[in-house]
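Below is my_file.cif, holding mmCIF, C-alpha atoms and all ligand atoms.
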data_work
#
loop_
_atom_site.label_atom_id
_atom_site.label_comp_id
_atom_site.auth_asym_id
_atom_site.auth_seq_id
_atom_site.Cartn_x
_atom_site.Cartn_y
_atom_site.Cartn_z
CA MET A 27 13.13 3.82 -0.76
CA GLU A 28 12.07 7.37 -1.56
CA PHE A 29 9.00 6.93 -3.77
CA ASP A 30 9.98 9.97 -5.81
CA ASP A 31 9.00 8.03 -8.92
CA PHE A 32 6.13 5.61 -9.41
CA VAL A 33 6.81 2.21 -7.82
CA LEU A 34 4.95 -0.68 -9.39
CA THR A 35 4.46 -3.17 -6.57
CA ALA A 36 3.62 -6.86 -6.78
CA ALA A 37 1.26 -7.57 -3.88
CA THR A 38 1.51 -11.10 -2.51
CA ASP A 39 1.21 -13.36 0.51
CA ASP A 40 3.94 -15.60 -0.89
CA LEU A 41 7.49 -14.35 -1.35
CA ALA A 42 8.15 -17.27 -3.70
CA ALA A 43 6.36 -15.10 -6.30
CA GLU A 44 9.24 -12.60 -6.34
CA PRO A 45 11.28 -14.10 -9.21
CA THR A 46 8.20 -13.95 -11.45
CA ALA A 47 7.39 -10.42 -10.29
CA ARG A 48 10.86 -9.17 -11.25
CA GLU A 49 10.00 -8.85 -14.92
CA HIS A 50 7.54 -6.03 -14.25
CA ALA A 51 7.67 -4.90 -10.62
CA ASP A 52 9.91 -2.43 -8.83
CA ALA A 53 9.01 -3.80 -5.38
CA VAL A 54 7.05 -6.53 -3.63
CA GLU A 55 4.39 -5.92 -0.99
CA PHE A 56 4.47 -8.83 1.45
CA ARG A 57 1.00 -9.16 2.97
CA MET A 58 2.05 -10.75 6.24
CA ASP A 59 -1.55 -10.89 7.43
CA LEU A 60 -2.51 -13.13 4.50
CA ALA A 61 0.57 -15.38 4.70
CA ALA A 62 0.49 -18.73 6.48
CA ASP A 63 3.82 -18.31 8.28
CA PRO A 64 5.20 -14.85 7.55
CA ARG A 65 8.15 -14.64 9.95
CA PRO A 66 10.26 -17.55 8.57
CA ALA A 67 9.26 -16.61 5.01
CA LEU A 68 10.65 -13.13 5.53
CA ALA A 69 13.75 -14.35 7.36
CA ASP A 70 14.59 -16.56 4.35
CA TYR A 71 13.94 -13.89 1.71
CA GLU A 72 16.90 -13.27 -0.56
CA GLY A 73 15.19 -11.84 -3.64
CA ASP A 74 16.26 -8.87 -5.74
CA LEU A 75 13.22 -6.66 -5.25
CA PRO A 76 12.86 -4.44 -2.17
CA LEU A 77 9.96 -5.25 0.13
CA ILE A 78 7.05 -3.27 1.49
CA VAL A 79 5.73 -5.07 4.57
CA THR A 80 2.05 -4.91 5.51
CA ASN A 81 0.27 -6.63 8.40
CA ARG A 82 -3.28 -5.44 7.90
CA PRO A 83 -5.70 -5.80 10.84
CA ASP A 84 -9.21 -7.11 10.39
CA TRP A 85 -10.77 -3.74 11.21
CA GLU A 86 -9.08 -2.28 8.09
CA GLY A 87 -9.93 -5.12 5.70
CA GLY A 88 -6.99 -7.34 6.60
CA ALA A 89 -6.78 -10.88 7.88
CA THR A 90 -5.14 -10.58 11.27
CA ALA A 91 -6.42 -9.61 14.68
CA ASP A 92 -4.97 -6.39 16.00
CA GLY A 93 -2.71 -6.46 19.04
CA ASP A 94 0.88 -6.29 20.20
CA ASP A 95 1.82 -9.39 18.15
CA ARG A 96 0.73 -7.74 14.92
CA LEU A 97 2.80 -4.63 15.60
CA ASP A 98 5.80 -6.56 16.95
CA ALA A 99 5.89 -8.65 13.77
CA LEU A 100 5.78 -5.48 11.68
CA ALA A 101 8.50 -3.77 13.70
CA THR A 102 10.76 -6.83 13.59
CA ALA A 103 10.21 -7.06 9.82
CA CYS A 104 11.66 -3.54 9.51
CA GLU A 105 15.01 -4.91 10.69
CA HIS A 106 15.26 -7.17 7.63
CA PRO A 107 17.80 -5.73 5.16
CA HIS A 108 15.46 -6.09 2.17
CA VAL A 109 12.58 -4.24 3.79
CA ALA A 110 12.45 -0.73 2.32
CA ALA A 111 9.00 0.40 3.47
CA VAL A 112 6.36 -0.48 6.03
CA ASP A 113 2.63 0.07 5.65
CA VAL A 114 0.86 1.15 8.84
CA GLU A 115 -2.77 2.22 9.04
CA LEU A 116 -3.19 5.94 9.72
CA ARG A 117 -5.68 5.21 12.50
CA SER A 118 -3.07 3.07 14.28
CA LEU A 119 -0.39 5.70 13.82
CA VAL A 120 -2.50 8.44 15.39
CA GLY A 121 -3.90 6.27 18.19
CA GLU A 122 -7.48 6.24 16.85
CA SER A 123 -7.71 2.53 16.05
CA PRO A 124 -9.51 -0.25 17.93
CA GLY A 125 -6.05 -1.77 18.57
CA PRO A 126 -2.84 -0.50 20.18
CA ALA A 127 -1.23 2.71 18.94
CA ALA A 128 1.54 2.14 16.40
CA GLY A 129 3.56 5.36 16.45
CA TRP A 130 6.49 3.42 17.89
CA VAL A 131 6.51 1.11 14.84
CA ALA A 132 7.00 4.15 12.61
CA ASP A 133 9.85 5.39 14.84
CA HIS A 134 11.46 1.96 14.77
CA ALA A 135 11.09 1.77 10.99
CA ARG A 136 12.73 5.16 10.45
CA GLU A 137 15.60 4.23 12.77
CA HIS A 138 16.24 1.38 10.34
CA GLY A 139 16.00 3.57 7.26
CA VAL A 140 12.58 2.17 6.37
CA THR A 141 9.98 4.46 4.75
CA VAL A 142 6.60 4.70 6.46
CA ILE A 143 3.45 4.45 4.34
CA ALA A 144 0.46 5.68 6.35
CA SER A 145 -2.60 4.06 4.83
CA VAL A 146 -6.34 4.62 4.80
CA HIS A 147 -8.83 2.18 3.27
CA ASP A 148 -12.54 2.50 2.67
CA PHE A 149 -14.06 -0.73 1.36
CA GLU A 150 -17.54 0.75 0.95
CA THR A 151 -17.46 4.26 -0.40
CA THR A 152 -15.43 7.22 -1.52
CA PRO A 153 -15.72 9.44 1.54
CA SER A 154 -16.34 13.15 1.11
CA GLU A 155 -13.20 14.03 3.07
CA VAL A 156 -10.67 12.52 0.62
CA ASP A 157 -8.46 15.65 0.64
CA ASP A 158 -8.29 15.73 4.40
CA LEU A 159 -7.59 12.00 4.73
CA LEU A 160 -4.85 12.14 2.13
CA SER A 161 -3.09 15.15 3.60
CA ARG A 162 -3.30 13.70 7.12
CA ALA A 163 -1.86 10.39 5.91
CA ALA A 164 0.92 12.14 3.97
CA THR A 165 1.78 14.28 6.98
CA VAL A 166 1.96 11.39 9.44
CA GLY A 167 3.64 9.01 6.97
CA ASP A 168 6.47 9.58 4.52
CA VAL A 169 3.91 8.48 1.94
CA GLY A 170 0.14 8.86 2.47
CA LYS A 171 -1.96 6.14 0.89
CA LEU A 172 -5.69 6.27 0.25
CA ALA A 173 -7.60 3.33 -1.19
CA VAL A 174 -11.30 4.06 -1.56
CA THR A 175 -14.20 2.24 -3.18
CA ALA A 176 -15.64 4.03 -6.19
CA GLU A 177 -19.23 3.56 -7.23
CA SER A 178 -19.39 6.22 -9.93
CA ARG A 179 -17.33 8.44 -12.24
CA ALA A 180 -17.86 11.24 -9.73
CA ASP A 181 -16.06 9.14 -7.12
CA THR A 182 -13.12 8.44 -9.40
CA LEU A 183 -12.89 12.12 -10.33
CA ALA A 184 -12.87 13.05 -6.64
CA LEU A 185 -9.94 10.69 -6.08
CA LEU A 186 -8.01 11.95 -9.11
CA SER A 187 -8.55 15.57 -8.06
CA ALA A 188 -7.46 14.87 -4.50
CA THR A 189 -4.36 13.06 -5.78
CA HIS A 190 -3.50 16.03 -7.97
CA ARG A 191 -4.08 18.59 -5.22
CA ALA A 192 -2.06 16.65 -2.63
CA THR A 193 0.83 16.22 -5.07
CA GLU A 194 0.76 19.92 -6.00
CA ALA A 195 0.84 20.71 -2.26
CA GLY A 196 4.10 18.76 -2.00
CA HIS A 197 2.73 15.58 -0.42
CA ARG A 198 3.92 12.16 -1.48
CA VAL A 199 0.82 10.05 -2.00
CA ALA A 200 -0.42 6.73 -3.33
CA THR A 201 -4.05 6.42 -4.41
CA MET A 202 -6.34 3.91 -6.01
CA ALA A 203 -10.07 3.24 -6.20
CA MET A 204 -11.10 -0.32 -5.48
CA GLY A 205 -13.95 -2.11 -7.22
CA ASP A 206 -15.01 -2.23 -10.87
CA ALA A 207 -16.01 1.42 -11.22
CA GLY A 208 -12.63 2.50 -9.92
CA ARG A 209 -10.47 0.01 -11.73
CA HIS A 210 -9.14 2.39 -14.37
CA THR A 211 -7.83 4.71 -11.65
CA ARG A 212 -5.11 2.18 -10.98
CA ALA A 213 -3.65 3.02 -14.38
CA VAL A 214 -4.47 6.73 -14.28
CA THR A 215 -3.65 7.99 -10.76
CA PRO A 216 0.12 7.80 -11.47
CA LEU A 217 -0.43 10.59 -14.03
CA TYR A 218 -1.82 12.75 -11.19
CA GLY A 219 1.04 12.01 -8.81
CA SER A 220 0.33 8.63 -7.22
CA LYS A 221 3.61 6.96 -6.36
CA ILE A 222 2.57 3.33 -5.75
CA GLY A 223 0.44 0.88 -7.71
CA TYR A 224 -0.39 -2.60 -6.44
CA ALA A 225 -1.08 -5.68 -8.52
CA PRO A 226 -0.94 -9.46 -8.02
CA VAL A 227 1.33 -11.56 -10.24
CA ASP A 228 -1.63 -13.89 -10.80
CA PRO A 229 -5.11 -12.30 -10.97
CA ALA A 230 -6.44 -15.16 -8.81
CA ASP A 231 -4.31 -13.85 -5.94
CA ALA A 232 -5.66 -10.27 -5.89
CA THR A 233 -5.23 -8.53 -2.53
CA ALA A 234 -8.00 -5.98 -3.19
CA PRO A 235 -11.13 -5.69 -5.36
CA GLY A 236 -10.56 -4.51 -8.94
CA GLN A 237 -6.81 -5.02 -9.21
CA TYR A 238 -5.31 -5.64 -12.64
CA ASP A 239 -2.71 -8.37 -12.83
CA LEU A 240 0.87 -7.14 -12.70
CA ALA A 241 1.71 -7.49 -16.40
CA THR A 242 -1.47 -5.63 -17.38
CA LEU A 243 -0.93 -2.76 -14.95
CA ALA A 244 2.71 -2.48 -16.03
CA GLU A 245 1.64 -2.18 -19.65
CA LEU A 246 -1.15 0.31 -18.93
CA VAL A 247 1.05 2.57 -16.82
CA GLU A 248 3.86 2.43 -19.36
CA THR A 249 1.50 3.21 -22.24
CA LEU A 250 -0.07 6.21 -20.50
CA ARG A 251 3.13 7.61 -19.07
O1 LIG B 1 -3.30 -0.72 0.52
C1 LIG B 1 -3.11 -1.43 -0.46
C2 LIG B 1 -3.75 -1.14 -1.73
C3 LIG B 1 -4.66 -2.29 -2.10
O2 LIG B 1 -5.75 -2.33 -1.19
C4 LIG B 1 -5.23 -2.04 -3.51
O3 LIG B 1 -6.37 -1.60 -3.60
O4 LIG B 1 -4.51 -2.29 -4.47
C5 LIG B 1 -3.88 -3.60 -2.08
C6 LIG B 1 -3.21 -3.85 -0.75
O5 LIG B 1 -2.44 -5.05 -0.82
C7 LIG B 1 -2.33 -2.69 -0.39
O6 LIG B 1 -1.82 -2.87 0.91
#

Take the structure from the file and write it as structure tokens.
Ligand SMILES: O=C1C[C@@](O)(C(=O)O)C[C@@H](O)[C@@H]1O
Amino acid sequence: MEFDDFVLTAATDDLAAEPTAREHADAVEFRMDLAADPRPALADYEGDLPLIVTNRPDWEGGATADGDDRLDALATACEHPHVAAVDVELRSLVGESPGPAAGWVADHAREHGVTVIASVHDFETTPSEVDDLLSRAATVGDVGKLAVTAESRADTLALLSATHRATEAGHRVATMAMGDAGRHTRAVTPLYGSKIGYAPVDPADATAPGQYDLATLAELVETLR
């Protein structure tokens, strides 16, 4: 999966949601860290939509402990024929995380033709170094993803500007601001170059603060396009 065009992604911990997601989504993000039993669920997956696999550690806002098991599960997932992309935290990829380094997961993914999304999340603020974070993520990954928390219009503008600058510089990026103040960026960042948007099929199953449900985000993005 190249992410040359915007990919609307249904984020879920339950692959049984895929048939419902098909109406609007281009891909499904399988949040392995939130799923009860992710390995058999993935092994049985036979849906139409390509998968992005994510196994987010607790130190980056996810639900799993970091360790070799987390990375092994992610690497093994990359061997599944429907898996088109893998999300790995930038800090793991560059060996700056509290857990084991994950560069080998990216190598393994690419050997299987799987795109690497290097991700950065800030659940509290919009850091001042958004440009630097985004270009580092987009250099280490095939796609660089930055999810920040916006508290003001200034924060959302900083994210939009960084998205625009990174895209103009030739980087492939995905950006969004979490939380209420940043919500509208989910519909707007695609206009500035963001290549992935995440939304739950059912708003009750949101995987991050401030997400629109899938049908709403699909309509907003389509309307603004
Ligand atoms: O990194 C992201 C972006 C996200 O945090 C969001 O804000 O929509 C949702 C996550 O499921 C996904 O892995």

With only C-alpha atoms counted, which protein, DNA or RNA residues have an atom no more than 6 Å from (-9.2, 5.6, -6.8) in the file frame? Please answer as a ChimeraX atom specification.
/A:174,182,185,201-203,208,211

Restricted to C-alpha atoms, what would the selected residues look like written as a tab-separated table (two decimals), in the frame of the given file?
chain	number	residue	atom	x	y	z
A	174	VAL	CA	-11.30	4.06	-1.56
A	182	THR	CA	-13.12	8.44	-9.40
A	185	LEU	CA	-9.94	10.69	-6.08
A	201	THR	CA	-4.05	6.42	-4.41
A	202	MET	CA	-6.34	3.91	-6.01
A	203	ALA	CA	-10.07	3.24	-6.20
A	208	GLY	CA	-12.63	2.50	-9.92
A	211	THR	CA	-7.83	4.71	-11.65

Which is closest to ligand LIG 1 (chain B) among A:Leu172, A:Ala69, A:Ala207, A:Ala230, if we use all atoms listed in the file?
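Of A:Leu172, A:Ala69, A:Ala207, A:Ala230, the one nearest ligand LIG 1 (chain B), counting all atoms listed in the file, is A:Leu172.
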
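Distance-wise, atom CA of A:Asp63 and atom CA of A:Asp40 end up 9.6 Å apart.
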
Using all atoms listed in the file, determine which residues fall within 8 Å of ligand LIG 1 (chain B), then list them as a list of chain:residue names.
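The residues near ligand LIG 1 (chain B) are A:Ala37, A:Thr38, A:Glu55, A:Arg57, A:Thr80, A:Arg82, A:Asp113, A:Ser145, A:Val146, A:His147, A:Lys171, A:Leu172, A:Ala173, A:Val174, A:Met202, A:Ala203, A:Met204, A:Arg212, A:Gly223, A:Tyr224, A:Ala225, A:Ala232, A:Thr233, A:Ala234, A:Pro235, A:Gly236, A:Gln237.
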
I'd like to know which of A:Ala111, A:Val227, A:Ala62, A:Leu100 is closest to A:Pro76, using all atoms listed in the file.
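That would be A:Ala111, the residue with the smallest distance to A:Pro76.
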
Identify which of the residues A:Leu186, A:Val120, A:Ala53, A:Ala89 lies closest to A:Met27, counting all atoms listed in the file when measuring atom-to-atom distances.
A:Ala53

Could you work out how far atom CA of A:Phe32 lies from atom CA of A:His210, giving the answer in Å with one decimal?
16.4 Å

Quick one: pull the distance between atom CA of A:Glu115 and atom CA of A:Ala163, Å, one decimal.
8.8 Å
